Every structure is written in C-alpha cells, then in structure tokens.
$ cat model.cif   # mmCIF, C-alpha atoms
data_protein
loop_
_atom_site.label_atom_id
_atom_site.label_comp_id
_atom_site.auth_asym_id
_atom_site.auth_seq_id
_atom_site.Cartn_x
_atom_site.Cartn_y
_atom_site.Cartn_z
CA MET A 1 128.25 155.97 127.14
CA PRO A 2 130.98 155.27 124.60
CA ALA A 3 129.81 154.55 121.07
CA SER A 4 129.66 150.86 120.29
CA ARG A 5 132.17 149.59 117.79
CA THR A 6 132.13 146.46 115.67
CA VAL A 7 135.40 144.62 116.03
CA THR A 8 136.35 142.42 113.09
CA ALA A 9 138.93 139.74 113.81
CA ARG A 10 141.81 140.02 111.44
CA SER A 11 142.90 137.05 109.37
CA ALA A 12 146.29 135.55 110.19
CA TRP A 13 146.81 134.89 106.48
CA GLN A 14 146.05 138.56 105.77
CA GLU A 15 148.94 139.52 108.03
CA VAL A 16 151.41 137.61 105.86
CA PRO A 17 153.37 140.06 103.69
CA ARG A 18 152.18 140.04 100.08
CA HIS A 19 155.57 139.16 98.68
CA GLN A 20 155.62 136.01 100.85
CA VAL A 21 152.11 135.09 99.69
CA ARG A 22 153.11 135.53 96.05
CA ARG A 23 156.23 133.47 96.56
CA PHE A 24 154.22 130.73 98.32
CA ALA A 25 151.80 130.62 95.37
CA GLU A 26 154.61 130.51 92.81
CA ILE A 27 156.29 127.54 94.52
CA ALA A 28 153.00 125.70 95.13
CA MET A 29 151.94 126.22 91.50
CA ALA A 30 155.28 124.91 90.25
CA GLU A 31 154.98 121.84 92.46
CA ALA A 32 151.29 121.21 91.60
CA PRO A 33 151.95 118.68 88.79
CA ALA A 34 154.31 116.61 90.93
CA LEU A 35 151.95 116.86 93.92
CA ALA A 36 149.06 115.70 91.78
CA GLU A 37 151.15 112.74 90.59
CA ARG A 38 152.00 111.78 94.20
CA ILE A 39 148.35 112.01 95.24
CA MET A 40 147.32 109.92 92.22
CA SER A 41 149.95 107.27 92.98
CA GLU A 42 148.85 107.05 96.62
CA ILE A 43 145.20 106.69 95.56
CA GLN A 44 146.07 103.86 93.18
CA ARG A 45 148.09 102.15 95.90
CA GLU A 46 145.30 102.40 98.47
CA TYR A 47 142.47 101.66 96.00
CA PRO A 48 143.95 99.33 93.36
CA HIS A 49 140.53 98.34 91.99
CA LEU A 50 139.46 101.92 91.26
CA PRO A 51 138.99 102.22 87.47
CA VAL A 52 141.26 104.67 85.62
CA VAL A 53 139.31 106.67 83.03
CA LEU A 54 141.35 108.49 80.38
CA ASP A 55 140.45 111.79 78.74
CA ASP A 56 140.75 112.52 75.02
CA SER A 57 144.49 113.13 75.36
CA GLY A 58 145.05 109.78 77.10
CA GLU A 59 145.69 111.34 80.54
CA PRO A 60 143.81 109.95 83.56
CA MET A 61 140.81 112.20 84.25
CA ALA A 62 141.40 111.85 87.99
CA LEU A 63 144.92 113.22 87.62
CA VAL A 64 143.61 116.17 85.59
CA GLY A 65 140.99 116.86 88.26
CA ILE A 66 143.48 116.69 91.14
CA ARG A 67 145.91 119.01 89.40
CA ARG A 68 143.13 121.44 88.48
CA ALA A 69 141.80 121.43 92.08
CA ILE A 70 145.29 122.25 93.45
CA GLU A 71 145.84 125.05 90.92
CA VAL A 72 142.47 126.67 91.65
CA PHE A 73 143.17 126.60 95.37
CA VAL A 74 146.65 128.09 94.98
CA GLN A 75 145.39 130.80 92.63
CA HIS A 76 142.79 131.73 95.20
CA LEU A 77 145.50 132.07 97.87
CA ALA A 78 147.55 134.33 95.62
CA HIS A 79 144.66 136.73 94.98
CA ALA A 80 142.87 136.63 98.35
CA ASP A 81 142.75 140.17 99.78
CA GLY A 82 141.40 139.22 103.19
CA SER A 83 141.18 135.85 104.94
CA VAL A 84 141.81 132.69 102.95
CA GLY A 85 138.09 131.95 102.76
CA ARG A 86 136.62 129.25 100.56
CA PRO A 87 137.68 129.22 96.91
CA THR A 88 135.29 128.46 94.09
CA VAL A 89 135.29 124.76 93.30
CA PRO A 90 136.13 123.93 89.67
CA ALA A 91 132.97 122.73 87.95
CA GLY A 92 132.67 119.56 85.93
CA VAL A 93 135.43 117.17 86.91
CA PHE A 94 134.39 116.40 90.49
CA GLN A 95 130.75 116.27 89.50
CA ASP A 96 131.79 113.67 86.91
CA PHE A 97 133.60 111.71 89.64
CA GLY A 98 130.40 111.51 91.67
CA ARG A 99 128.41 110.61 88.58
CA GLY A 100 130.84 107.79 87.84
CA GLU A 101 130.49 106.38 91.36
CA GLY A 102 126.71 106.35 90.97
CA LEU A 103 126.77 104.73 87.53
CA HIS A 104 129.08 101.97 88.76
CA GLY A 105 126.90 101.24 91.80
CA ARG A 106 129.46 102.35 94.40
CA SER A 107 128.83 104.52 97.42
CA LEU A 108 130.33 107.96 97.97
CA ASP A 109 132.22 106.80 101.07
CA SER A 110 135.33 105.68 99.19
CA LEU A 111 135.33 108.84 97.08
CA GLN A 112 135.22 111.06 100.17
CA ALA A 113 138.03 109.02 101.74
CA ILE A 114 140.10 109.63 98.60
CA TYR A 115 139.42 113.36 98.80
CA ARG A 116 140.52 113.49 102.45
CA MET A 117 143.70 111.62 101.54
CA GLY A 118 144.39 114.20 98.83
CA VAL A 119 143.92 117.08 101.27
CA ARG A 120 146.34 115.47 103.78
CA LEU A 121 149.04 115.02 101.15
CA ALA A 122 148.53 118.54 99.80
CA TRP A 123 148.77 119.95 103.32
CA ARG A 124 152.14 118.24 103.87
CA CYS A 125 153.45 119.87 100.71
CA PHE A 126 152.05 123.30 101.61
CA ALA A 127 153.35 123.02 105.18
CA ASP A 128 156.84 122.34 103.83
CA ILE A 129 156.61 125.39 101.56
CA GLY A 130 155.36 127.53 104.44
CA GLN A 131 158.23 126.41 106.64
CA ARG A 132 160.76 127.28 103.95
CA LEU A 133 159.25 130.76 103.61
CA ASP A 134 158.89 131.31 107.41
CA ILE A 135 155.14 131.83 107.17
CA PRO A 136 153.73 131.99 110.75
CA ALA A 137 151.98 128.91 112.10
CA PRO A 138 148.61 130.69 112.69
CA ALA A 139 148.47 131.59 109.00
CA MET A 140 149.21 127.99 108.03
CA TYR A 141 146.50 126.72 110.40
CA GLU A 142 144.10 129.05 108.63
CA LEU A 143 145.30 127.51 105.39
CA VAL A 144 144.38 124.04 106.71
CA ASP A 145 140.85 125.22 107.57
CA ALA A 146 140.48 126.66 104.09
CA GLY A 147 141.63 123.36 102.62
CA TYR A 148 138.93 121.42 104.43
CA GLU A 149 136.30 123.98 103.43
CA TYR A 150 137.49 123.50 99.88
CA LEU A 151 137.12 119.74 100.38
CA ASP A 152 133.49 120.28 101.40
CA GLY A 153 132.92 122.04 98.10
CA LEU A 154 134.48 119.18 96.15
CA VAL A 155 132.26 116.72 97.99
CA ASP A 156 129.18 118.86 97.23
CA GLN A 157 130.01 118.71 93.53
CA SER A 158 130.45 114.94 93.68
CA VAL A 159 127.21 114.44 95.60
CA ARG A 160 125.38 116.44 92.95
CA GLY A 161 126.82 114.23 90.20
CA TYR A 162 126.08 111.10 92.20
CA ALA A 163 122.44 112.16 92.70
CA GLU A 164 122.06 112.88 88.98
CA ALA A 165 123.41 109.43 88.10
CA ALA A 166 121.16 107.74 90.67
CA ALA A 167 118.09 109.55 89.34
CA ARG A 168 118.98 108.66 85.76
CA GLN A 169 119.51 105.01 86.67
CA ALA A 170 116.26 104.87 88.63
CA GLY A 171 114.36 106.38 85.71
CA GLU A 172 115.90 103.93 83.25
CA ARG A 173 115.14 100.98 85.51
CA LEU A 174 111.52 102.08 85.86
CA ARG A 175 111.22 102.35 82.08
CA LEU A 176 112.69 98.88 81.54
CA GLN A 177 110.58 97.46 84.37
CA SER A 178 107.44 98.93 82.81
CA ARG A 179 108.29 97.32 79.46
CA LEU A 180 108.87 93.98 81.18
CA MET A 181 105.51 94.15 82.97
CA GLU A 182 103.75 95.17 79.76
CA LEU A 183 105.00 92.02 78.04
CA LEU A 184 104.43 89.84 81.09
CA LEU A 185 100.79 90.91 81.48
CA ALA A 186 99.87 90.76 77.79
CA GLU A 187 96.81 88.60 77.14
CA HIS A 188 98.23 87.06 73.98
CA HIS A 189 101.95 86.36 73.78
CA ARG A 190 103.91 86.30 70.54
CA GLY A 191 105.83 83.20 69.53
CA ASP A 192 109.12 84.73 70.72
CA ALA A 193 107.60 86.09 73.93
CA ALA A 194 109.62 83.76 76.17
CA ASP A 195 112.92 84.97 74.71
CA ALA A 196 111.83 88.62 74.85
CA LEU A 197 110.71 88.17 78.45
CA ALA A 198 114.04 86.64 79.45
CA GLU A 199 115.95 89.44 77.71
CA ARG A 200 113.94 92.22 79.39
CA ALA A 201 114.16 90.54 82.79
CA ALA A 202 117.93 90.18 82.44
CA ARG A 203 118.32 93.90 81.71
CA ILE A 204 117.00 94.79 85.17
CA GLY A 205 118.48 91.76 86.93
CA TRP A 206 115.09 90.15 87.64
CA PRO A 207 115.36 86.33 87.87
CA LEU A 208 112.42 84.74 86.06
CA PRO A 209 110.26 82.98 88.70
CA ALA A 210 108.26 79.80 88.18
CA LYS A 211 105.11 81.44 89.58
CA VAL A 212 103.82 84.97 90.06
CA ALA A 213 100.83 86.72 91.56
CA VAL A 214 99.67 90.03 90.10
CA GLY A 215 98.28 92.80 92.28
CA VAL A 216 96.11 95.84 91.54
CA LEU A 217 96.38 98.67 94.08
CA VAL A 218 94.05 101.54 94.94
CA ARG A 219 95.88 104.71 95.94
CA PRO A 220 95.13 106.04 99.43
CA ALA A 221 95.67 109.54 98.00
CA ARG A 222 96.40 110.94 94.53
CA GLU A 223 100.01 111.84 95.43
CA ALA A 224 100.68 108.71 97.48
CA VAL A 225 104.34 107.62 97.55
CA ALA A 226 105.02 104.19 96.07
CA PRO A 227 104.93 101.46 98.73
CA ALA A 228 108.26 99.84 99.63
CA VAL A 229 107.34 96.38 98.33
CA GLY A 230 110.94 95.18 98.01
CA GLN A 231 113.37 94.98 95.12
CA GLY A 232 112.13 91.63 93.79
CA VAL A 233 108.53 92.83 93.36
CA LEU A 234 107.83 94.68 90.10
CA LEU A 235 105.74 97.81 90.62
CA ASP A 236 104.32 100.15 87.97
CA MET A 237 102.88 103.36 89.42
CA GLU A 238 101.98 104.85 86.03
CA TYR A 239 98.56 103.24 85.97
CA GLU A 240 95.57 104.90 87.64
CA ARG A 241 95.49 101.75 89.74
CA PRO A 242 99.13 100.71 90.17
CA ARG A 243 100.05 97.15 89.27
CA MET A 244 102.60 94.87 90.83
CA VAL A 245 104.03 91.45 90.02
CA VAL A 246 105.02 89.34 93.01
CA PRO A 247 107.55 86.56 92.23
CA GLU A 248 107.16 83.23 94.01
CA PRO A 249 104.18 84.48 96.06
CA ASP A 250 104.05 81.33 98.19
CA ALA A 251 107.65 81.73 99.39
CA ALA A 252 108.08 81.74 103.17
CA GLY A 253 107.45 85.18 104.66
CA ARG A 254 106.40 86.76 101.35
CA ARG A 255 102.80 87.41 102.41
CA ASP A 256 103.79 88.97 105.73
CA LEU A 257 106.26 91.28 103.99
CA LEU A 258 103.57 92.44 101.57
CA HIS A 259 101.11 93.02 104.40
CA ARG A 260 103.60 95.32 106.13
CA ALA A 261 104.69 97.11 102.96
CA LEU A 262 101.11 97.77 101.81
CA THR A 263 99.78 99.13 105.10
CA GLY A 264 97.45 102.03 104.28
CA TRP A 265 96.82 100.82 100.73
CA SER A 266 93.88 98.82 99.42
CA GLY A 267 93.52 96.54 96.43
CA ALA A 268 93.85 92.87 95.61
CA ILE A 269 96.52 90.32 94.75
CA GLY A 270 95.51 87.64 92.27
CA PRO A 271 96.11 83.91 92.70
CA PRO A 272 99.57 82.38 92.09
CA VAL A 273 99.90 81.23 88.47
CA PRO A 274 102.70 80.05 86.17
CA LEU A 275 104.71 82.94 84.75
CA ALA A 276 103.12 82.59 81.31
CA ASP A 277 99.63 83.01 82.84
CA ALA A 278 100.31 86.28 84.66
CA ALA A 279 97.45 87.98 82.78
CA LYS A 280 95.00 85.53 84.38
CA SER A 281 96.12 86.53 87.86
CA LEU A 282 95.70 90.18 86.85
CA ARG A 283 92.10 89.54 85.73
CA TRP A 284 91.18 88.06 89.10
CA ALA A 285 92.82 90.95 90.96
CA GLU A 286 90.90 93.47 88.83
CA ALA A 287 87.67 91.57 89.45
CA ALA A 288 88.29 91.65 93.21
CA VAL A 289 88.87 95.42 93.13
CA ARG A 290 85.58 95.90 91.26
CA LEU A 291 83.78 93.89 93.95
CA MET A 292 85.49 95.99 96.64
CA ARG A 293 84.18 99.16 95.00
CA ARG A 294 80.67 97.68 95.11
CA LYS A 295 81.21 96.86 98.79
CA LEU A 296 80.86 93.14 98.11
CA LEU A 297 84.40 92.52 99.39
CA PRO A 298 86.07 94.23 102.36
CA ALA A 299 87.75 97.53 101.45
CA GLY A 300 90.57 99.40 103.15
CA GLU A 301 93.23 96.70 102.81
CA VAL A 302 94.99 94.62 100.18
CA LEU A 303 93.15 91.32 99.83
CA PHE A 304 94.48 88.01 98.59
CA CYS A 305 92.10 86.52 96.05
CA THR A 306 92.79 83.00 97.30
CA GLU A 307 91.14 83.97 100.59
CA HIS A 308 87.93 85.09 98.80
CA THR A 309 87.48 82.35 96.22
CA GLU A 310 83.77 81.82 96.90
CA ALA A 311 82.90 85.48 96.39
CA LEU A 312 85.01 85.80 93.24
CA VAL A 313 83.59 82.64 91.67
CA LEU A 314 79.94 83.28 92.58
CA LEU A 315 79.72 87.06 92.17
CA GLN A 316 81.63 87.39 88.92
CA PRO A 317 79.13 85.85 86.43
CA GLU A 318 76.36 88.17 87.67
CA GLU A 319 74.02 87.86 84.69
CA LEU A 320 74.31 84.06 84.62
CA ILE A 321 73.60 83.79 88.35
CA ASP A 322 70.59 86.12 88.04
CA ASP A 323 69.19 84.05 85.19
CA LEU A 324 69.73 80.85 87.15
CA ALA A 325 68.07 82.43 90.21
CA LEU A 326 65.06 83.42 88.12
CA ARG A 327 64.57 79.77 87.17
CA CYS A 328 65.62 78.02 90.38
CA LEU A 329 63.83 80.33 92.82
CA ALA A 330 60.65 80.77 90.80
CA PRO A 331 58.57 79.06 93.54
CA LEU A 332 59.41 81.98 95.90
CA THR A 333 57.93 84.63 93.61
CA HIS A 334 54.49 84.14 95.15
CA CYS A 335 55.79 84.58 98.72
CA GLY A 336 56.19 87.88 100.48
CA PRO A 337 59.76 89.27 100.76
CA THR A 338 60.22 88.36 104.44
CA HIS A 339 58.74 84.89 104.09
CA ALA A 340 60.80 84.26 100.93
CA ARG A 341 63.99 85.26 102.74
CA ARG A 342 63.26 82.91 105.66
CA LEU A 343 62.49 79.99 103.37
CA ALA A 344 65.68 80.72 101.40
CA GLU A 345 67.74 80.80 104.61
CA THR A 346 66.25 77.48 105.71
CA LEU A 347 66.75 75.90 102.29
CA LEU A 348 70.41 76.99 102.15
CA ALA A 349 71.09 75.71 105.67
CA TRP A 350 69.46 72.37 104.79
CA LEU A 351 71.48 72.09 101.58
CA GLN A 352 74.70 72.85 103.44
CA THR A 353 74.11 70.50 106.37
CA ARG A 354 71.97 67.80 104.73
CA GLY A 355 70.87 67.17 108.30
CA GLY A 356 67.53 67.03 110.02
CA ALA A 357 65.53 69.78 111.66
CA PRO A 358 67.72 69.96 114.83
CA GLU A 359 70.93 70.56 112.81
CA VAL A 360 69.29 73.17 110.59
CA ALA A 361 67.67 74.85 113.61
CA ALA A 362 71.05 75.04 115.41
CA ARG A 363 72.60 76.75 112.36
CA LEU A 364 69.73 79.26 112.04
CA GLY A 365 69.19 79.82 115.76
CA VAL A 366 65.46 78.98 115.60
CA HIS A 367 63.23 76.23 117.09
CA PRO A 368 63.35 72.82 115.34
CA GLN A 369 59.56 72.90 114.96
CA THR A 370 59.89 76.14 112.98
CA VAL A 371 62.41 74.43 110.70
CA ARG A 372 60.09 71.43 110.17
CA TYR A 373 57.28 73.76 109.17
CA ARG A 374 59.49 75.61 106.68
CA LEU A 375 60.92 72.38 105.22
CA ARG A 376 57.37 71.12 104.57
CA GLN A 377 56.62 74.34 102.74
CA ILE A 378 59.86 74.02 100.72
CA ARG A 379 58.93 70.49 99.62
CA GLU A 380 55.47 71.71 98.66
CA LEU A 381 56.95 74.55 96.58
CA TRP A 382 59.67 72.55 94.78
CA GLY A 383 58.18 69.06 94.89
CA ASP A 384 60.33 66.14 93.81
CA GLU A 385 62.86 68.51 92.20
CA ILE A 386 64.31 69.13 95.64
CA ASP A 387 65.63 65.55 95.60
CA ASP A 388 67.43 65.95 92.28
CA PRO A 389 71.24 66.34 92.93
CA ASP A 390 71.71 68.69 89.99
CA ARG A 391 68.83 70.91 91.09
CA ARG A 392 70.10 70.97 94.67
CA PHE A 393 73.56 72.01 93.40
CA GLU A 394 72.03 74.88 91.36
CA LEU A 395 69.94 75.99 94.31
CA GLU A 396 72.94 76.06 96.66
CA LEU A 397 74.99 77.93 94.05
CA VAL A 398 72.34 80.61 93.63
CA LEU A 399 71.59 80.96 97.33
CA ARG A 400 75.28 81.25 98.26
CA ALA A 401 75.72 83.99 95.66
CA GLN A 402 72.67 85.84 96.98
CA ARG A 403 73.92 85.57 100.55
CA LEU A 404 77.23 87.14 99.50
CA ARG A 405 75.31 90.01 97.87
CA GLY A 406 72.93 90.40 100.80
CA THR A 407 69.89 89.62 98.63
CA LEU A 408 68.99 86.14 99.90
CA GLY A 409 65.58 85.04 98.67
CA GLY A 410 65.19 87.86 96.16
CA VAL A 411 64.32 87.11 92.52
CA ARG A 412 64.98 89.67 89.77
CA ARG A 413 62.32 89.55 87.07
#
$ encode --input "model.cif" --output "structure tokens"
Amino acid sequence: MPASRTVTARSAWQEVPRHQVRRFAEIAMAEAPALAERIMSEIQREYPHLPVVLDDSGEPMALVGIRRAIEVFVQHLAHADGSVGRPTVPAGVFQDFGRGEGLHGRSLDSLQAIYRMGVRLAWRCFADIGQRLDIPAPAMYELVDAGYEYLDGLVDQSVRGYAEAAARQAGERLRLQSRLMELLLAEHHRGDAADALAERAARIGWPLPAKVAVGVLVRPAREAVAPAVGQGVLLDMEYERPRMVVPEPDAAGRRDLLHRALTGWSGAIGPPVPLADAAKSLRWAEAAVRLMRRKLLPAGEVLFCTEHTEALVLLQPEELIDDLALRCLAPLTHCGPTHARRLAETLLAWLQTRGGAPEVAARLGVHPQTVRYRLRQIRELWGDEIDDPDRRFELELVLRAQRLRGTLGGVRR
C-alpha cells in the first residue's frame, strides 16, 4: 500500500508574490490615517449620540484605536509567512471601549455594530488596493476572512472590558446598598438620619417608599445563590442570615412575586411599617425565625409575620406567659397530666365560644354530658373567679399560648 501523506492546503495569500504583499502593506499603511478618519466620520454620522472621549493629546480615543487596529492588521499582513491567519489584537484601547459601554449602562450591541461597520469600510479600501495591484480574488477573499477573525478578537477585548466594568459597578452598588440598609435598620437614628437616608438611597436610585417590610432569610445551603427578588428589593447577603427590605409590601402582586423568587428558601418577612420604623419590622422577622428554629412556626418556607400574629404575640414573652400560667392554672396542679389537659381543652373551648355544653362539645368532638361534667369541675376549681372578665382574659391568653406550644394544661413550677 502506498504510504499515507498529509496534504496541507496552501494559502491563497501565501501564493501572492512577496513584493506585491509588501507593496500592498505600504499603500494600506499610508492610507491608514485617512481610512481611520473616514470610519470615525461614518460612526459619528450613524451614532450621533455616542460620546467622544479625548486622550491626553486632545485626539479622540476612538480614532486612535481605529488607526492602531488598522496598522496592526496591515503589519501582520506584511510579515505573515503562511496564511493570513489571525493577528494579535492590540491590548488596551478596545478593552477600554467595552469598559466605557459598561460604565455608561449601554449594551455591547451598538459597539459590535460599530466594529462591523469599520470592517466593511476597511475592506472596501483594501479591495481597491488589491485591485490596483492585481492581487488575485482568492487571496483577497482570504483577507476578508482574516478581517472578520480580527473583528472577533476586538470584540473579545471589549467584552472583557465590559465584564470588568459590570463587576465593578455591581460591587459598588452592593457596597452602597449595604450602607443604606445599615442606616435604615439602625435602632436609634441620628437627627440627620432622614437626610442621610435620602442621600444614600439616591446614590443607588432607590425611591424612598412610605412603608417597608424587612425580611430575614435562612440559606438553603451555605453557598446558595442570592434569590432574584427584583431590583426594587434591597438584599444584603453578607449576614449569616441574609436580610432584605421590601418597599411598599402591600403593593398589588408584591407578595406573589416574593413567593416565587424565594422558592427553596425559608425565613420570615416582618409586618409593613413606616420607613422610619424598619428596625421594628426586622425584630419581628428575627423573632419569627427563632420560633421556626424551635419548630413553633412552620419551617421550609418564607413566612409573612402578619399571617402568624397570634403565635408571635403569645410565644414571644415566654417568661411572662409562664409566670402568668403558674398563677392562672394553679388549680390544675393537683390534677393528673391527662385530666389537666382535658380540663384545659374544655376551659379554652368554653372561653372561645362562651356557649353552652352542646357548642363546646361540638368544638371538642365529645358528648355534651362529658362537657357538663368537666365544666362543673372547672367551676369547683376556680370558683367565682371564672366569672371575672379579667381572669377569663388571662386564662384564654395563657391557654392559647400553651396550645401553640403543644403544652396545653401544663404548669411549670
């Protein structure tokens, strides 16, 4: 069998005599300043609102970059030994262009359109030079391909600069946002706090709302990505339990948006309060998270404190409730645990319904005669105190709190 041979396709540009290549480069280099000027003029005509930034010498930086890009490309053509290939992109200028787009909040689309326009205009100039020098069409087509590869390199540089600017802006916004939240959630505000708050909010473009609700989140995992809560919601992920400030929490659709954005997270969102009282909303959210950790509130989702008011009000002052229970439920201390729980259930149902035995029995799911028996025992244990409105209120308060804890009828000594 004949030995296999590797066949390498020859470059059409490589076939062009070297003297023609050198002459092409000489002419293109001489015309580079004028070509750069034409490209710059066309860009300004097509994009009149594009800012013109001058360098230290007073020359437009864009013009310097265009001219430099043309010269680098032409120099590469003059010294290429094989195919045209992809020349090295000049560092700095085009990265700065991308950085400028990012800092001014524009997309890269217009910048890439400008680059493509520049390549088209440069190609017309190069094609004219090639025609004058009788350079074969295949070689010129190869030159076009090289030009668009070169364009890809320019775009890569600009994308890198754009990404750097975006990252820097995001970092600065997070820093300013953190400072705003720090002031907003301070327990005691200075006399000039309102002015400082307005100034910090203005720096990140956050309109001061009339009301806010403050949330405390529990991470689903240590490296959890920040939830997409929306641009108007302030979020600080630097805390062990991230905090967020929700503007105008009662606005239409706000709660549904938060539910969707916080899927997979747990935590609590405090009640809506005036802006100056944001720290109070934070305290309630923190209290709710503590109750969640003790399994006294549902875990595994982000709760709204306004939907769990009873638990937050009754379970928070734990020591006070225990002391009140010790006094109010003293008559149950001589009953066994099961009997005490049943009497407590009956007493709470009676206090809630203020009805007779049939109503209380229907709530408890027992026979009315059983309820009558227990109510007689309750009156024997508490006597006339059971008719005192203040005592009844204290009893209902204590029993509701115990029911929330799952300790109904128990008395801590």
$ resolve_selection --input "model.cif" --expression "the PyMOL selection byres ((chain A and resi 179) around 12)" --output "list in words"
Glu172, Arg173, Leu174, Arg175, Leu176, Gln177, Ser178, Leu180, Met181, Glu182, Leu183, Leu184, Leu185, Ala186, Ala196, Leu197, Glu199, Arg200, Ala201, Arg203, Ile204, Leu234, Leu235, Asp236 and Glu238 of chain A
$ write_last_selection --input "model.cif" --atoms "C-alpha atoms" --output "PDB file, in the frame of the given file"
ATOM      1  CA  GLU A 172     115.900 103.930  83.250  1.00  0.00           C
ATOM      2  CA  ARG A 173     115.140 100.980  85.510  1.00  0.00           C
ATOM      3  CA  LEU A 174     111.520 102.080  85.860  1.00  0.00           C
ATOM      4  CA  ARG A 175     111.220 102.350  82.080  1.00  0.00           C
ATOM      5  CA  LEU A 176     112.690  98.880  81.540  1.00  0.00           C
ATOM      6  CA  GLN A 177     110.580  97.460  84.370  1.00  0.00           C
ATOM      7  CA  SER A 178     107.440  98.930  82.810  1.00  0.00           C
ATOM      8  CA  LEU A 180     108.870  93.980  81.180  1.00  0.00           C
ATOM      9  CA  MET A 181     105.510  94.150  82.970  1.00  0.00           C
ATOM     10  CA  GLU A 182     103.750  95.170  79.760  1.00  0.00           C
ATOM     11  CA  LEU A 183     105.000  92.020  78.040  1.00  0.00           C
ATOM     12  CA  LEU A 184     104.430  89.840  81.090  1.00  0.00           C
ATOM     13  CA  LEU A 185     100.790  90.910  81.480  1.00  0.00           C
ATOM     14  CA  ALA A 186      99.870  90.760  77.790  1.00  0.00           C
ATOM     15  CA  ALA A 196     111.830  88.620  74.850  1.00  0.00           C
ATOM     16  CA  LEU A 197     110.710  88.170  78.450  1.00  0.00           C
ATOM     17  CA  GLU A 199     115.950  89.440  77.710  1.00  0.00           C
ATOM     18  CA  ARG A 200     113.940  92.220  79.390  1.00  0.00           C
ATOM     19  CA  ALA A 201     114.160  90.540  82.790  1.00  0.00           C
ATOM     20  CA  ARG A 203     118.320  93.900  81.710  1.00  0.00           C
ATOM     21  CA  ILE A 204     117.000  94.790  85.170  1.00  0.00           C
ATOM     22  CA  LEU A 234     107.830  94.680  90.100  1.00  0.00           C
ATOM     23  CA  LEU A 235     105.740  97.810  90.620  1.00  0.00           C
ATOM     24  CA  ASP A 236     104.320 100.150  87.970  1.00  0.00           C
ATOM     25  CA  GLU A 238     101.980 104.850  86.030  1.00  0.00           C
TER      26      GLU A 238
END
$ residues_around --input "model.cif" --residues "Ala261 in chain A" --least-positions-apart "4" --cutoff "12 Å" --atoms "all atoms listed in the file" --output "list in words"
Val225, Ala226, Pro227, Ala228, Val229, Gly230, Gln231, Val233, Arg254, Arg255, Asp256, Leu257, Trp265, Ser266, Glu301 and Val302 of chain A
$ resolve_selection --input "model.cif" --expression "the PyMOL selection byres ((chain A and resi 358-367) around 12)" --output "number ranges by chain"
A: 342-357, 368-375
$ residues_around --input "model.cif" --residues "range 320-323 of chain A" --least-positions-apart "4" --cutoff "10 Å" --atoms "all atoms listed in the file" --output "ChimeraX atom specification"
/A:314-316,327-328,394,397-399,401-402,410-413
$ resolve_selection --input "model.cif" --expression "the PyMOL selection byres ((chain A and resi 276) around 12)" --output "compact mmCIF listing (two decimals) with C-alpha atoms, in the coordinates of the input"
# COMPACT_ATOMS: atom_id res chain seq x y z
CA MET A 181 105.51 94.15 82.97
CA LEU A 183 105.00 92.02 78.04
CA LEU A 184 104.43 89.84 81.09
CA LEU A 185 100.79 90.91 81.48
CA ALA A 186 99.87 90.76 77.79
CA GLU A 187 96.81 88.60 77.14
CA HIS A 188 98.23 87.06 73.98
CA HIS A 189 101.95 86.36 73.78
CA ARG A 190 103.91 86.30 70.54
CA ALA A 193 107.60 86.09 73.93
CA ALA A 194 109.62 83.76 76.17
CA LEU A 197 110.71 88.17 78.45
CA ALA A 198 114.04 86.64 79.45
CA LEU A 208 112.42 84.74 86.06
CA PRO A 209 110.26 82.98 88.70
CA ALA A 210 108.26 79.80 88.18
CA LYS A 211 105.11 81.44 89.58
CA VAL A 212 103.82 84.97 90.06
CA ALA A 213 100.83 86.72 91.56
CA PRO A 272 99.57 82.38 92.09
CA VAL A 273 99.90 81.23 88.47
CA PRO A 274 102.70 80.05 86.17
CA LEU A 275 104.71 82.94 84.75
CA ASP A 277 99.63 83.01 82.84
CA ALA A 278 100.31 86.28 84.66
CA ALA A 279 97.45 87.98 82.78
CA LYS A 280 95.00 85.53 84.38
CA SER A 281 96.12 86.53 87.86
CA LEU A 282 95.70 90.18 86.85
$ atom_distance --input "model.cif" --atom1 "CA of His259 in chain A" --atom2 "CA of Glu310 in chain A"
22.0 Å
$ closest_residue --input "model.cif" --among "A:Val64, A:Ala12, A:Ala25, A:Leu332" --to "Asp145 in chain A" --atoms "only C-alpha atoms"
A:Ala12
$ atom_distance --input "model.cif" --atom1 "CA of Ala69 in chain A" --atom2 "CA of Ile39 in chain A"
11.9 Å
$ residues_around --input "model.cif" --residues "range 283-288 of chain A" --least-positions-apart "4" --cutoff "9 Å" --atoms "all atoms listed in the file" --output "mmCIF file with C-alpha atoms, keeping the file's coordinate frame"
data_model
loop_
_atom_site.group_PDB
_atom_site.id
_atom_site.type_symbol
_atom_site.label_atom_id
_atom_site.label_comp_id
_atom_site.auth_asym_id
_atom_site.auth_seq_id
_atom_site.Cartn_x
_atom_site.Cartn_y
_atom_site.Cartn_z
ATOM 1 C CA VAL A 214 99.670 90.030 90.100
ATOM 2 C CA GLY A 215 98.280 92.800 92.280
ATOM 3 C CA VAL A 216 96.110 95.840 91.540
ATOM 4 C CA GLY A 267 93.520 96.540 96.430
ATOM 5 C CA ALA A 268 93.850 92.870 95.610
ATOM 6 C CA ILE A 269 96.520 90.320 94.750
ATOM 7 C CA GLY A 270 95.510 87.640 92.270
ATOM 8 C CA PRO A 271 96.110 83.910 92.700
ATOM 9 C CA ALA A 278 100.310 86.280 84.660
ATOM 10 C CA ALA A 279 97.450 87.980 82.780
ATOM 11 C CA MET A 292 85.490 95.990 96.640
ATOM 12 C CA ARG A 293 84.180 99.160 95.000
ATOM 13 C CA LEU A 297 84.400 92.520 99.390
ATOM 14 C CA LEU A 303 93.150 91.320 99.830
ATOM 15 C CA PHE A 304 94.480 88.010 98.590
ATOM 16 C CA CYS A 305 92.100 86.520 96.050
ATOM 17 C CA HIS A 308 87.930 85.090 98.800
ATOM 18 C CA ALA A 311 82.900 85.480 96.390
ATOM 19 C CA LEU A 312 85.010 85.800 93.240
ATOM 20 C CA GLN A 316 81.630 87.390 88.920
#
$ closest_residue --input "model.cif" --among "A:Glu307, A:Glu396, A:Glu380, A:Glu248" --to "Ala325 in chain A" --atoms "all atoms listed in the file"
A:Glu396
$ atom_distance --input "model.cif" --atom1 "CA of Arg376 in chain A" --atom2 "CA of Thr407 in chain A"
23.1 Å
$ closest_residue --input "model.cif" --among "A:Pro298, A:Gly406, A:Pro331, A:Gly153" --to "Gln377 in chain A" --atoms "only C-alpha atoms"
A:Pro331
$ closest_residue --input "model.cif" --among "A:Leu291, A:Leu154, A:Val245, A:Ala34" --to "Gln112 in chain A" --atoms "all atoms listed in the file"
A:Leu154
$ axis_aligned_box --input "model.cif" --around "range 191-200 of chain A" --padding-each-side "5 Å" --output "JSON"
{"center_x": 110.9, "center_y": 87.7, "center_z": 74.5, "size_x": 20.1, "size_y": 19.0, "size_z": 19.9}
$ residues_around --input "model.cif" --residues "Ile114 in chain A" --least-positions-apart "6" --cutoff "9 Å" --atoms "only C-alpha atoms" --output "VMD selection string"
chain A and resid 43 46 to 47
$ closest_residue --input "model.cif" --among "A:Met244, A:Ile66, A:Val53, A:Ala340" --to "Gly118 in chain A" --atoms "only C-alpha atoms"
A:Ile66
$ closest_residue --input "model.cif" --among "A:Met40, A:Leu258, A:Leu77, A:Ala127" --to "Glu59 in chain A" --atoms "all atoms listed in the file"
A:Met40
